[in-house]
>>> print(open('work.cif').read())   # mmCIF, C-alpha atoms and all ligand atoms
data_data
loop_
_atom_site.label_atom_id
_atom_site.label_comp_id
_atom_site.auth_asym_id
_atom_site.auth_seq_id
_atom_site.Cartn_x
_atom_site.Cartn_y
_atom_site.Cartn_z
CA MET A 1409 -15.65 -4.02 21.59
CA GLY A 1410 -13.11 -2.85 19.04
CA VAL A 1411 -13.42 -0.32 16.23
CA LEU A 1412 -13.55 -3.18 13.68
CA ASP A 1413 -15.93 -5.42 15.63
CA ARG A 1414 -17.18 -8.34 13.42
CA ARG A 1415 -15.81 -6.67 10.26
CA ILE A 1416 -14.27 -9.10 7.77
CA ALA A 1417 -10.83 -8.23 6.43
CA ILE A 1418 -8.22 -9.55 4.03
CA VAL A 1419 -4.63 -8.42 4.57
CA THR A 1420 -2.36 -9.59 1.76
CA GLY A 1421 1.28 -10.31 2.56
CA SER A 1422 0.45 -10.43 6.29
CA GLY A 1423 2.73 -13.34 7.21
CA ARG A 1424 5.51 -10.85 7.95
CA GLY A 1425 6.47 -7.21 8.25
CA ILE A 1426 3.93 -4.40 8.00
CA GLY A 1427 1.07 -6.73 6.97
CA ARG A 1428 1.54 -9.01 9.97
CA ASP A 1429 1.18 -6.09 12.38
CA ILE A 1430 -1.93 -4.88 10.55
CA ALA A 1431 -3.51 -8.37 10.79
CA LEU A 1432 -2.74 -8.56 14.54
CA TYR A 1433 -4.07 -5.03 15.17
CA PHE A 1434 -7.22 -5.70 13.12
CA ALA A 1435 -7.89 -8.90 15.10
CA LYS A 1436 -7.38 -7.06 18.41
CA GLN A 1437 -9.96 -4.53 17.23
CA GLY A 1438 -12.49 -7.34 16.64
CA ALA A 1439 -12.06 -8.01 12.91
CA ARG A 1440 -12.16 -11.50 11.44
CA VAL A 1441 -9.04 -11.70 9.32
CA VAL A 1442 -7.83 -13.59 6.26
CA VAL A 1443 -4.06 -13.72 6.69
CA ASN A 1444 -2.78 -14.06 3.14
CA ASP A 1445 0.87 -14.77 2.38
CA LEU A 1446 2.75 -16.82 -0.16
CA GLY A 1447 5.72 -16.89 2.21
CA GLY A 1448 8.50 -16.37 -0.34
CA ALA A 1449 11.85 -14.58 -0.15
CA THR A 1450 12.10 -10.80 -0.62
CA ASP A 1451 12.66 -11.34 -4.36
CA GLY A 1452 9.45 -13.39 -4.56
CA SER A 1453 11.09 -16.82 -4.93
CA GLY A 1454 9.92 -19.84 -2.91
CA GLN A 1455 7.02 -20.37 -0.51
CA SER A 1456 6.54 -21.05 3.22
CA PRO A 1457 3.65 -21.28 5.72
CA VAL A 1458 4.22 -17.91 7.48
CA ALA A 1459 0.51 -17.11 7.20
CA ASP A 1460 -0.29 -20.10 9.45
CA GLU A 1461 1.97 -18.75 12.19
CA VAL A 1462 0.15 -15.39 12.25
CA VAL A 1463 -3.24 -17.15 12.28
CA GLU A 1464 -2.04 -19.20 15.25
CA GLU A 1465 -0.92 -16.03 17.05
CA ILE A 1466 -4.30 -14.34 16.47
CA ARG A 1467 -6.25 -17.40 17.63
CA LYS A 1468 -4.11 -17.80 20.76
CA ALA A 1469 -4.96 -14.19 21.64
CA GLY A 1470 -8.67 -15.01 21.27
CA GLY A 1471 -9.17 -13.56 17.79
CA GLU A 1472 -10.56 -15.05 14.57
CA ALA A 1473 -8.40 -15.67 11.50
CA VAL A 1474 -7.85 -18.06 8.61
CA ALA A 1475 -4.81 -18.51 6.41
CA SER A 1476 -4.57 -18.07 2.64
CA HIS A 1477 -1.43 -19.14 0.78
CA ASP A 1478 -2.46 -17.94 -2.68
CA SER A 1479 -0.45 -15.46 -4.72
CA VAL A 1480 -1.84 -11.97 -5.25
CA ALA A 1481 -0.07 -11.87 -8.62
CA THR A 1482 -2.62 -13.89 -10.61
CA VAL A 1483 -6.32 -13.44 -11.31
CA SER A 1484 -7.02 -16.95 -9.98
CA GLY A 1485 -4.98 -16.20 -6.83
CA GLY A 1486 -6.88 -12.94 -6.20
CA GLN A 1487 -10.19 -14.74 -6.70
CA ALA A 1488 -9.12 -17.53 -4.29
CA ILE A 1489 -8.07 -15.02 -1.61
CA PHE A 1490 -11.46 -13.27 -1.92
CA GLN A 1491 -13.26 -16.65 -1.81
CA THR A 1492 -11.40 -17.58 1.42
CA ALA A 1493 -13.10 -14.63 3.16
CA ILE A 1494 -16.52 -15.57 1.77
CA ASP A 1495 -16.15 -19.27 2.70
CA ALA A 1496 -14.72 -18.66 6.18
CA PHE A 1497 -16.68 -15.60 7.29
CA GLY A 1498 -19.54 -15.11 4.80
CA GLY A 1499 -18.53 -11.69 3.45
CA LEU A 1500 -15.85 -9.04 3.06
CA ASP A 1501 -15.61 -5.44 4.31
CA ILE A 1502 -11.92 -4.48 4.20
CA LEU A 1503 -9.11 -5.28 1.78
CA VAL A 1504 -5.53 -4.26 2.53
CA ASN A 1505 -3.31 -4.72 -0.55
CA ASN A 1506 0.04 -4.95 1.23
CA ALA A 1507 1.93 -7.91 -0.34
CA GLY A 1508 5.21 -6.97 -1.96
CA ILE A 1509 8.61 -8.01 -3.31
CA LEU A 1510 11.75 -6.26 -4.54
CA ARG A 1511 14.10 -6.89 -7.49
CA ASP A 1512 16.32 -3.80 -7.34
CA ARG A 1513 18.55 -3.13 -10.34
CA THR A 1514 19.33 -0.08 -12.44
CA LEU A 1515 17.51 -0.02 -15.76
CA PHE A 1516 20.79 -0.96 -17.50
CA ASN A 1517 20.71 -4.36 -15.80
CA MET A 1518 16.98 -4.90 -15.37
CA GLU A 1519 15.86 -8.06 -17.18
CA GLU A 1520 12.29 -8.62 -18.34
CA GLU A 1521 11.70 -11.16 -15.55
CA ASP A 1522 12.68 -8.57 -12.88
CA TRP A 1523 10.30 -6.07 -14.42
CA ASP A 1524 7.43 -8.58 -14.75
CA ALA A 1525 7.82 -10.15 -11.28
CA VAL A 1526 7.63 -6.78 -9.50
CA LEU A 1527 4.83 -5.35 -11.66
CA ASN A 1528 2.85 -8.59 -11.25
CA VAL A 1529 2.96 -8.70 -7.45
CA HIS A 1530 2.46 -4.98 -6.85
CA LEU A 1531 0.40 -3.35 -9.63
CA LYS A 1532 -1.32 -6.41 -11.11
CA GLY A 1533 -1.69 -7.78 -7.57
CA HIS A 1534 -3.81 -4.75 -6.67
CA TYR A 1535 -6.01 -5.43 -9.71
CA CYS A 1536 -6.26 -9.19 -9.02
CA CYS A 1537 -7.35 -8.75 -5.39
CA THR A 1538 -9.47 -5.60 -5.70
CA ARG A 1539 -11.55 -6.59 -8.74
CA PRO A 1540 -13.44 -9.51 -7.11
CA PHE A 1541 -14.09 -7.29 -4.07
CA ALA A 1542 -15.33 -4.37 -6.21
CA ARG A 1543 -17.71 -6.65 -8.15
CA TYR A 1544 -18.97 -8.13 -4.87
CA ILE A 1545 -19.58 -4.62 -3.44
CA ARG A 1546 -21.64 -3.73 -6.52
CA GLU A 1547 -23.52 -7.05 -6.78
CA THR A 1548 -24.49 -7.18 -3.10
CA ASN A 1549 -24.73 -3.39 -2.63
CA ARG A 1550 -22.47 -3.80 0.41
CA LEU A 1551 -22.03 -0.26 1.77
CA GLY A 1552 -19.14 1.28 3.68
CA CYS A 1553 -16.34 -1.04 2.58
CA ARG A 1554 -12.65 -0.11 2.66
CA VAL A 1555 -9.70 -0.68 0.31
CA ILE A 1556 -6.25 0.32 1.56
CA ASN A 1557 -3.46 0.14 -1.00
CA PHE A 1558 0.31 0.25 -0.56
CA SER A 1559 2.44 2.66 -2.56
CA SER A 1560 5.94 3.92 -1.77
CA VAL A 1561 8.09 7.05 -1.92
CA SER A 1562 10.08 5.03 -4.45
CA GLY A 1563 7.34 5.70 -7.02
CA LEU A 1564 5.88 8.89 -5.55
CA PHE A 1565 9.23 10.71 -5.20
CA GLY A 1566 11.59 8.46 -7.21
CA ASN A 1567 14.43 6.23 -6.00
CA PHE A 1568 17.61 5.15 -7.81
CA GLY A 1569 17.68 1.48 -8.88
CA GLN A 1570 13.96 0.81 -8.55
CA ALA A 1571 12.42 1.56 -11.98
CA ASN A 1572 10.24 -1.58 -11.78
CA TYR A 1573 9.15 -1.05 -8.17
CA GLY A 1574 8.76 2.73 -8.56
CA ALA A 1575 6.64 2.32 -11.70
CA ALA A 1576 4.41 -0.21 -9.92
CA LYS A 1577 4.08 1.93 -6.80
CA ALA A 1578 3.26 5.11 -8.78
CA GLY A 1579 0.76 3.01 -10.75
CA ILE A 1580 -0.87 1.93 -7.50
CA ALA A 1581 -1.45 5.59 -6.56
CA GLY A 1582 -3.17 6.11 -9.94
CA PHE A 1583 -5.16 2.88 -9.53
CA SER A 1584 -6.38 4.09 -6.12
CA ARG A 1585 -7.47 7.48 -7.44
CA VAL A 1586 -9.59 5.83 -10.16
CA VAL A 1587 -11.09 3.07 -7.98
CA SER A 1588 -11.91 5.61 -5.23
CA LEU A 1589 -14.18 7.34 -7.79
CA GLU A 1590 -15.70 4.08 -9.03
CA LEU A 1591 -16.65 2.80 -5.55
CA GLU A 1592 -17.72 6.15 -4.06
CA LYS A 1593 -21.42 5.56 -4.69
CA TYR A 1594 -21.23 2.44 -2.49
CA GLU A 1595 -19.88 4.65 0.34
CA ALA A 1596 -16.59 2.76 0.09
CA THR A 1597 -13.27 4.48 0.59
CA VAL A 1598 -10.06 3.68 -1.29
CA ASN A 1599 -6.88 5.17 0.15
CA THR A 1600 -3.16 4.69 -0.31
CA ILE A 1601 -0.47 4.27 2.31
CA SER A 1602 3.11 5.38 1.71
CA PRO A 1603 4.91 3.56 4.53
CA GLY A 1604 8.41 3.68 5.90
CA ALA A 1605 9.42 0.91 8.30
CA ALA A 1606 12.37 -1.30 9.12
CA THR A 1607 11.44 -4.73 7.74
CA ARG A 1608 13.35 -7.48 5.94
CA MET A 1609 12.57 -5.49 2.76
CA THR A 1610 14.24 -2.27 3.91
CA ILE A 1611 16.82 -3.23 6.59
CA PRO A 1612 19.43 -4.31 3.98
CA LEU A 1613 18.89 -1.03 2.08
CA ILE A 1614 19.24 1.08 5.26
CA GLU A 1615 22.33 -0.87 6.39
CA GLY A 1616 23.74 -0.61 2.86
CA ARG A 1617 23.83 3.19 3.39
CA GLY A 1618 25.94 2.60 6.50
CA LEU A 1619 23.06 3.38 8.90
CA ALA A 1620 22.15 1.29 11.97
CA VAL A 1621 18.59 0.03 12.46
CA ASP A 1622 17.11 -0.20 15.95
CA THR A 1623 14.21 -2.63 15.41
CA SER A 1624 13.07 -2.24 19.04
CA ASP A 1625 12.24 1.44 18.36
CA PRO A 1626 8.45 1.48 17.72
CA THR A 1627 8.80 4.56 15.50
CA ARG A 1628 11.08 2.59 13.14
CA GLY A 1629 9.45 -0.87 13.14
CA PRO A 1630 6.52 -2.15 11.04
CA GLN A 1631 4.06 -1.78 13.96
CA GLN A 1632 3.78 2.00 13.43
CA ILE A 1633 1.69 1.54 10.24
CA ALA A 1634 -1.10 -0.63 11.75
CA PRO A 1635 -2.92 2.04 13.84
CA VAL A 1636 -3.21 4.38 10.84
CA VAL A 1637 -4.51 1.60 8.55
CA THR A 1638 -6.96 0.54 11.28
CA TRP A 1639 -8.21 4.11 11.69
CA LEU A 1640 -8.83 4.39 7.94
CA ALA A 1641 -10.65 1.01 8.01
CA SER A 1642 -12.80 2.01 11.01
CA PRO A 1643 -16.01 4.08 10.98
CA ALA A 1644 -13.86 7.14 11.87
CA GLY A 1645 -12.27 6.94 8.40
CA LYS A 1646 -15.50 7.09 6.39
CA ALA A 1647 -14.94 10.60 5.00
CA VAL A 1648 -11.35 10.04 3.85
CA ASN A 1649 -11.31 8.89 0.23
CA GLY A 1650 -8.69 8.91 -2.53
CA GLU A 1651 -5.91 10.22 -0.30
CA ILE A 1652 -2.26 9.22 0.12
CA ILE A 1653 -1.24 8.98 3.76
CA HIS A 1654 2.47 8.77 4.53
CA VAL A 1655 3.47 6.97 7.74
CA SER A 1656 7.13 6.77 8.67
CA ARG A 1657 9.48 7.32 11.63
CA GLY A 1658 6.66 8.23 14.01
CA THR A 1659 5.13 10.76 11.61
CA VAL A 1660 1.77 10.69 9.88
CA ALA A 1661 1.35 13.01 6.90
CA ILE A 1662 -0.92 13.67 3.95
CA MET A 1663 0.63 13.85 0.47
CA GLN A 1664 -0.11 16.31 -2.27
CA GLN A 1665 -1.84 14.70 -5.24
CA PRO A 1666 -0.71 15.73 -8.73
CA THR A 1667 -2.27 19.12 -9.42
CA LEU A 1668 -1.78 22.14 -11.70
CA ILE A 1669 0.39 24.80 -10.09
CA ARG A 1670 0.52 27.58 -12.70
CA THR A 1671 -0.97 27.83 -16.21
CA PHE A 1672 -0.50 29.97 -19.30
CA LYS A 1673 -2.94 29.93 -22.21
CA SER A 1674 -2.59 30.79 -25.90
CA ASP A 1675 -5.24 30.71 -28.65
CA GLU A 1676 -2.52 29.83 -31.17
CA LEU A 1677 -0.06 26.94 -31.38
CA TRP A 1678 2.76 27.65 -28.89
CA THR A 1679 5.92 28.94 -30.56
CA LEU A 1680 9.34 27.81 -29.38
CA ASP A 1681 10.18 31.45 -28.57
CA GLN A 1682 7.08 31.79 -26.37
CA LEU A 1683 8.04 28.56 -24.57
CA ASP A 1684 11.52 30.02 -23.92
CA GLY A 1685 9.70 32.59 -21.77
CA VAL A 1686 6.93 30.44 -20.30
CA ILE A 1687 8.75 27.28 -19.18
CA PRO A 1688 11.13 29.13 -16.79
CA SER A 1689 8.05 30.79 -15.22
CA LEU A 1690 6.44 27.37 -14.75
CA LEU A 1691 9.61 25.99 -13.17
CA GLU A 1692 9.84 29.00 -10.85
CA ALA A 1693 6.18 28.53 -9.80
CA LYS A 1694 6.96 24.88 -9.02
CA ARG A 1695 10.06 25.82 -7.02
CA VAL A 1696 8.07 28.26 -4.88
CA CYS A 1697 5.29 25.69 -4.40
CA ASP A 1698 7.78 22.93 -3.42
CA GLU A 1699 9.50 25.30 -0.99
CA ARG A 1700 6.22 26.23 0.71
CA ALA A 1701 5.09 22.59 0.90
CA ALA A 1702 8.43 21.48 2.40
CA LYS A 1703 8.14 24.22 5.06
CA GLU A 1704 4.55 23.33 5.91
CA ALA A 1705 5.44 19.60 6.11
CA THR A 1706 7.92 20.06 8.94
CA PRO A 1707 6.57 17.64 11.61
CA GLU A 1708 4.64 19.12 14.55
CA LEU A 1709 5.23 17.22 17.77
CA ILE A 1710 2.06 15.86 19.39
N1 LIG B 1 9.05 -1.33 4.69
C1 LIG B 1 9.04 -0.14 4.09
O1 LIG B 1 9.70 0.84 4.51
C2 LIG B 1 8.20 0.05 2.87
C3 LIG B 1 8.35 1.27 2.17
C4 LIG B 1 7.53 1.50 1.09
C5 LIG B 1 6.59 0.57 0.71
N2 LIG B 1 6.49 -0.62 1.40
C6 LIG B 1 5.48 -1.57 0.98
O2 LIG B 1 4.81 -2.07 2.11
C7 LIG B 1 4.38 -3.41 1.85
C8 LIG B 1 4.85 -4.35 2.95
O3 LIG B 1 6.27 -4.40 2.92
P1 LIG B 1 7.18 -4.99 4.13
O4 LIG B 1 8.25 -3.98 4.34
O5 LIG B 1 6.32 -5.40 5.25
O6 LIG B 1 7.84 -6.25 3.39
P2 LIG B 1 7.96 -7.80 3.85
O7 LIG B 1 8.84 -8.45 2.86
O8 LIG B 1 8.32 -7.87 5.29
O9 LIG B 1 6.46 -8.33 3.70
C9 LIG B 1 5.86 -8.52 2.43
C10 LIG B 1 5.07 -9.81 2.49
O10 LIG B 1 4.40 -10.00 1.22
C11 LIG B 1 4.44 -11.38 0.92
N3 LIG B 1 4.27 -11.62 -0.51
C12 LIG B 1 5.17 -11.36 -1.51
N4 LIG B 1 4.68 -11.75 -2.69
C13 LIG B 1 3.44 -12.26 -2.47
C14 LIG B 1 2.45 -12.78 -3.31
N5 LIG B 1 2.64 -12.90 -4.63
N6 LIG B 1 1.28 -13.19 -2.75
C15 LIG B 1 1.08 -13.09 -1.41
N7 LIG B 1 2.02 -12.61 -0.56
C16 LIG B 1 3.18 -12.18 -1.08
C17 LIG B 1 5.81 -11.82 1.41
O11 LIG B 1 5.88 -13.23 1.58
C18 LIG B 1 5.96 -11.04 2.71
O12 LIG B 1 5.55 -11.78 3.83
C19 LIG B 1 4.91 -3.76 0.46
O13 LIG B 1 3.92 -3.52 -0.50
C20 LIG B 1 6.05 -2.79 0.29
O14 LIG B 1 6.35 -2.57 -1.06
C21 LIG B 1 7.28 -0.89 2.47
#
>>> encode(input="work.cif", output="structure tokens", more="lines below")
Ligand SMILES: NC(=O)c1ccc[n+]([C@@H]2O[C@H](COP(=O)([O-])OP(=O)(O)OC[C@H]3O[C@@H](n4cnc5c(N)ncnc54)[C@H](O)[C@@H]3O)[C@@H](O)[C@H]2O)c1
Amino acid sequence: MGVLDRRIAIVTGSGRGIGRDIALYFAKQGARVVVNDLGGATDGSGQSPVADEVVEEIRKAGGEAVASHDSVATVSGGQAIFQTAIDAFGGLDILVNNAGILRDRTLFNMEEEDWDAVLNVHLKGHYCCTRPFARYIRETNRLGCRVINFSSVSGLFGNFGQANYGAAKAGIAGFSRVVSLELEKYEATVNTISPGAATRMTIPLIEGRGLAVDTSDPTRGPQQIAPVVTWLASPAGKAVNGEIIHVSRGTVAIMQQPTLIRTFKSDELWTLDQLDGVIPSLLEAKRVCDERAAKEATPELI
């Protein structure tokens, strides 16, 4: 018996990296898994049957899985991925929106196709895959489902050279907040992961900063994300909704959601002179808040 016994899950982009480890962990915990992956290069070009290899691995270990080679980036692809779960296993309980690509360039050099490709896989991909599932949850009144989305510090904090990726990843956090409200009455949870792991997506970036990557270190590799995603997908995670959980370098953390820190009110239109006084007070309140949060976020060793 595993914590996901007989649950039906889709993990997008699970032919490699973080998604692959989630699919393997889910299967070990008893889930029946749709391993979705287009199998392209990091920039999204090309295709390959990596999903089949993960399905083979799961089956060899005694688990249940089927492959899906559709793209998350189109409405028809999202519908086909959803339909794979229905056809193979007769339902769907868990969707992990993990598929991703990168086209890093500064805004000066970012062409429309770099912008569109990244927004389509990440932000539109979340829409394309989640919408059929949300409609199914409502139509069949399927209770207790889970959606786990993938954001990034690139969008949540900001990262040089990733305006397309950062915009998509920040958009995903907003998407999750809204969908968590819309699915709440079906006892579903919708949460967001902010991962950090050495994968083909990040190893070149880490090495580009002159740092070495030890892929055998479990606190650096993609396998560190799977237990947290599995916990959120399991019955233990039923009360966690609309949160952003950061998992990186052996740490697990909760992120602050956008919130008001300090407020001033006027019954008249603000004058520029008043703002000369008020804005510095707002900035000071934010500095104090950031300082306190940074102190409280120092990792505690378990
Ligand atoms: N690795 C990190 O440190 C890190 C940090 C922040 C966010 N993320 C996010 O985590 C997720 C997983 O990243 P990863 O590091 O494992 O990368 P990865 O490149 O190893 O895996 C991503 C997978 O998604 C698949 N994919 C790409 N486009 C697809 C499409 N249109 N349809 C279906 N599959 C598609 C790829 O073929 C690949 O197998 C991504 O959303 C990424 O943006 C990763």
>>> residues_near_ligand(input="work.cif", ligand="ligand LIG 1 (chain B)", cutoff="6 Å", atoms="all atoms listed in the file", output="PyMOL selection string")
chain A and resi 1420-1427+1445-1448+1450+1452+1479-1481+1506-1509+1529+1558-1560+1602-1610
>>> write_last_selection(input="work.cif", atoms="C-alpha atoms", output="PDB file, in the coordinates of the input")
ATOM      1  CA  THR A1420      -2.360  -9.590   1.760  1.00  0.00           C
ATOM      2  CA  GLY A1421       1.280 -10.310   2.560  1.00  0.00           C
ATOM      3  CA  SER A1422       0.450 -10.430   6.290  1.00  0.00           C
ATOM      4  CA  GLY A1423       2.730 -13.340   7.210  1.00  0.00           C
ATOM      5  CA  ARG A1424       5.510 -10.850   7.950  1.00  0.00           C
ATOM      6  CA  GLY A1425       6.470  -7.210   8.250  1.00  0.00           C
ATOM      7  CA  ILE A1426       3.930  -4.400   8.000  1.00  0.00           C
ATOM      8  CA  GLY A1427       1.070  -6.730   6.970  1.00  0.00           C
ATOM      9  CA  ASP A1445       0.870 -14.770   2.380  1.00  0.00           C
ATOM     10  CA  LEU A1446       2.750 -16.820  -0.160  1.00  0.00           C
ATOM     11  CA  GLY A1447       5.720 -16.890   2.210  1.00  0.00           C
ATOM     12  CA  GLY A1448       8.500 -16.370  -0.340  1.00  0.00           C
ATOM     13  CA  THR A1450      12.100 -10.800  -0.620  1.00  0.00           C
ATOM     14  CA  GLY A1452       9.450 -13.390  -4.560  1.00  0.00           C
ATOM     15  CA  SER A1479      -0.450 -15.460  -4.720  1.00  0.00           C
ATOM     16  CA  VAL A1480      -1.840 -11.970  -5.250  1.00  0.00           C
ATOM     17  CA  ALA A1481      -0.070 -11.870  -8.620  1.00  0.00           C
ATOM     18  CA  ASN A1506       0.040  -4.950   1.230  1.00  0.00           C
ATOM     19  CA  ALA A1507       1.930  -7.910  -0.340  1.00  0.00           C
ATOM     20  CA  GLY A1508       5.210  -6.970  -1.960  1.00  0.00           C
ATOM     21  CA  ILE A1509       8.610  -8.010  -3.310  1.00  0.00           C
ATOM     22  CA  VAL A1529       2.960  -8.700  -7.450  1.00  0.00           C
ATOM     23  CA  PHE A1558       0.310   0.250  -0.560  1.00  0.00           C
ATOM     24  CA  SER A1559       2.440   2.660  -2.560  1.00  0.00           C
ATOM     25  CA  SER A1560       5.940   3.920  -1.770  1.00  0.00           C
ATOM     26  CA  SER A1602       3.110   5.380   1.710  1.00  0.00           C
ATOM     27  CA  PRO A1603       4.910   3.560   4.530  1.00  0.00           C
ATOM     28  CA  GLY A1604       8.410   3.680   5.900  1.00  0.00           C
ATOM     29  CA  ALA A1605       9.420   0.910   8.300  1.00  0.00           C
ATOM     30  CA  ALA A1606      12.370  -1.300   9.120  1.00  0.00           C
ATOM     31  CA  THR A1607      11.440  -4.730   7.740  1.00  0.00           C
ATOM     32  CA  ARG A1608      13.350  -7.480   5.940  1.00  0.00           C
ATOM     33  CA  MET A1609      12.570  -5.490   2.760  1.00  0.00           C
ATOM     34  CA  THR A1610      14.240  -2.270   3.910  1.00  0.00           C
TER      35      THR A1610
END
>>> closest_residue(input="work.cif", among="A:Thr1548, A:Ile1502, A:Gly1471, A:Pro1457", to="Gly1410 (chain A)", atoms="all atoms listed in the file")
A:Gly1471
>>> closest_residue(input="work.cif", among="A:Asp1512, A:Glu1704, A:Asp1451, A:Asp1460", to="Ile1662 (chain A)", atoms="only C-alpha atoms")
A:Glu1704
>>> closest_residue(input="work.cif", among="A:Phe1516, A:Trp1639, A:Phe1583, A:Phe1497", to="Gly1533 (chain A)", atoms="only C-alpha atoms")
A:Phe1583
>>> closest_residue(input="work.cif", among="A:Gly1552, A:Gly1438, A:Pro1707, A:Gly1485", to="Lys1646 (chain A)", atoms="only C-alpha atoms")
A:Gly1552
>>> decode(input="work.cif", residues="region 1555-1621 of chain A", atoms="C-alpha atoms", output="mmCIF file, in the first residue's frame")
data_model
loop_
_atom_site.group_PDB
_atom_site.id
_atom_site.type_symbol
_atom_site.label_atom_id
_atom_site.label_comp_id
_atom_site.auth_asym_id
_atom_site.auth_seq_id
_atom_site.Cartn_x
_atom_site.Cartn_y
_atom_site.Cartn_z
ATOM 1 C CA VAL A 1555 -3.275 20.067 -9.288
ATOM 2 C CA ILE A 1556 0.424 20.784 -8.749
ATOM 3 C CA ASN A 1557 1.897 23.539 -10.889
ATOM 4 C CA PHE A 1558 5.509 24.485 -11.573
ATOM 5 C CA SER A 1559 6.724 28.041 -11.125
ATOM 6 C CA SER A 1560 10.281 29.278 -10.611
ATOM 7 C CA VAL A 1561 12.303 31.818 -8.658
ATOM 8 C CA SER A 1562 12.977 33.277 -12.108
ATOM 9 C CA GLY A 1563 9.457 34.732 -12.090
ATOM 10 C CA LEU A 1564 8.868 34.911 -8.335
ATOM 11 C CA PHE A 1565 12.133 36.745 -7.538
ATOM 12 C CA GLY A 1566 13.350 37.784 -11.019
ATOM 13 C CA ASN A 1567 16.340 36.540 -13.018
ATOM 14 C CA PHE A 1568 18.440 38.342 -15.640
ATOM 15 C CA GLY A 1569 17.910 37.142 -19.232
ATOM 16 C CA GLN A 1570 14.633 35.317 -18.646
ATOM 17 C CA ALA A 1571 11.846 37.860 -19.305
ATOM 18 C CA ASN A 1572 9.806 35.257 -21.239
ATOM 19 C CA TYR A 1573 10.339 32.432 -18.738
ATOM 20 C CA GLY A 1574 9.982 34.716 -15.693
ATOM 21 C CA ALA A 1575 6.735 36.198 -17.022
ATOM 22 C CA ALA A 1576 5.340 32.711 -17.656
ATOM 23 C CA LYS A 1577 6.420 31.406 -14.249
ATOM 24 C CA ALA A 1578 4.993 34.431 -12.381
ATOM 25 C CA GLY A 1579 1.813 33.969 -14.430
ATOM 26 C CA ILE A 1580 1.629 30.350 -13.294
ATOM 27 C CA ALA A 1581 1.645 31.482 -9.640
ATOM 28 C CA GLY A 1582 -1.292 33.801 -10.427
ATOM 29 C CA PHE A 1583 -3.066 31.046 -12.379
ATOM 30 C CA SER A 1584 -2.710 28.717 -9.371
ATOM 31 C CA ARG A 1585 -4.113 31.266 -6.924
ATOM 32 C CA VAL A 1586 -7.232 31.737 -9.074
ATOM 33 C CA VAL A 1587 -7.809 28.049 -9.898
ATOM 34 C CA SER A 1588 -7.309 27.098 -6.223
ATOM 35 C CA LEU A 1589 -10.357 29.286 -5.452
ATOM 36 C CA GLU A 1590 -12.397 27.923 -8.364
ATOM 37 C CA LEU A 1591 -11.867 24.243 -7.454
ATOM 38 C CA GLU A 1592 -12.080 24.630 -3.669
ATOM 39 C CA LYS A 1593 -15.734 23.587 -3.490
ATOM 40 C CA TYR A 1594 -14.783 20.225 -5.041
ATOM 41 C CA GLU A 1595 -12.288 19.721 -2.172
ATOM 42 C CA ALA A 1596 -9.482 19.923 -4.731
ATOM 43 C CA THR A 1597 -6.176 21.570 -3.932
ATOM 44 C CA VAL A 1598 -4.075 23.599 -6.362
ATOM 45 C CA ASN A 1599 -0.523 24.366 -5.256
ATOM 46 C CA THR A 1600 2.646 25.648 -6.859
ATOM 47 C CA ILE A 1601 6.158 24.277 -6.621
ATOM 48 C CA SER A 1602 9.214 26.505 -6.941
ATOM 49 C CA PRO A 1603 11.943 23.920 -7.540
ATOM 50 C CA GLY A 1604 15.695 24.073 -7.679
ATOM 51 C CA ALA A 1605 17.489 21.017 -9.057
ATOM 52 C CA ALA A 1606 20.424 20.109 -11.264
ATOM 53 C CA THR A 1607 18.864 18.950 -14.547
ATOM 54 C CA ARG A 1608 19.729 19.414 -18.217
ATOM 55 C CA MET A 1609 17.792 22.706 -17.928
ATOM 56 C CA THR A 1610 19.924 24.158 -15.135
ATOM 57 C CA ILE A 1611 23.330 22.408 -15.284
ATOM 58 C CA PRO A 1612 24.582 24.642 -18.151
ATOM 59 C CA LEU A 1613 23.440 27.749 -16.227
ATOM 60 C CA ILE A 1614 25.172 26.603 -13.004
ATOM 61 C CA GLU A 1615 28.364 25.657 -14.874
ATOM 62 C CA GLY A 1616 28.188 28.955 -16.769
ATOM 63 C CA ARG A 1617 28.653 30.693 -13.381
ATOM 64 C CA GLY A 1618 31.833 28.669 -12.895
ATOM 65 C CA LEU A 1619 30.245 26.342 -10.307
ATOM 66 C CA ALA A 1620 30.596 22.531 -10.290
ATOM 67 C CA VAL A 1621 27.512 20.304 -10.150
#
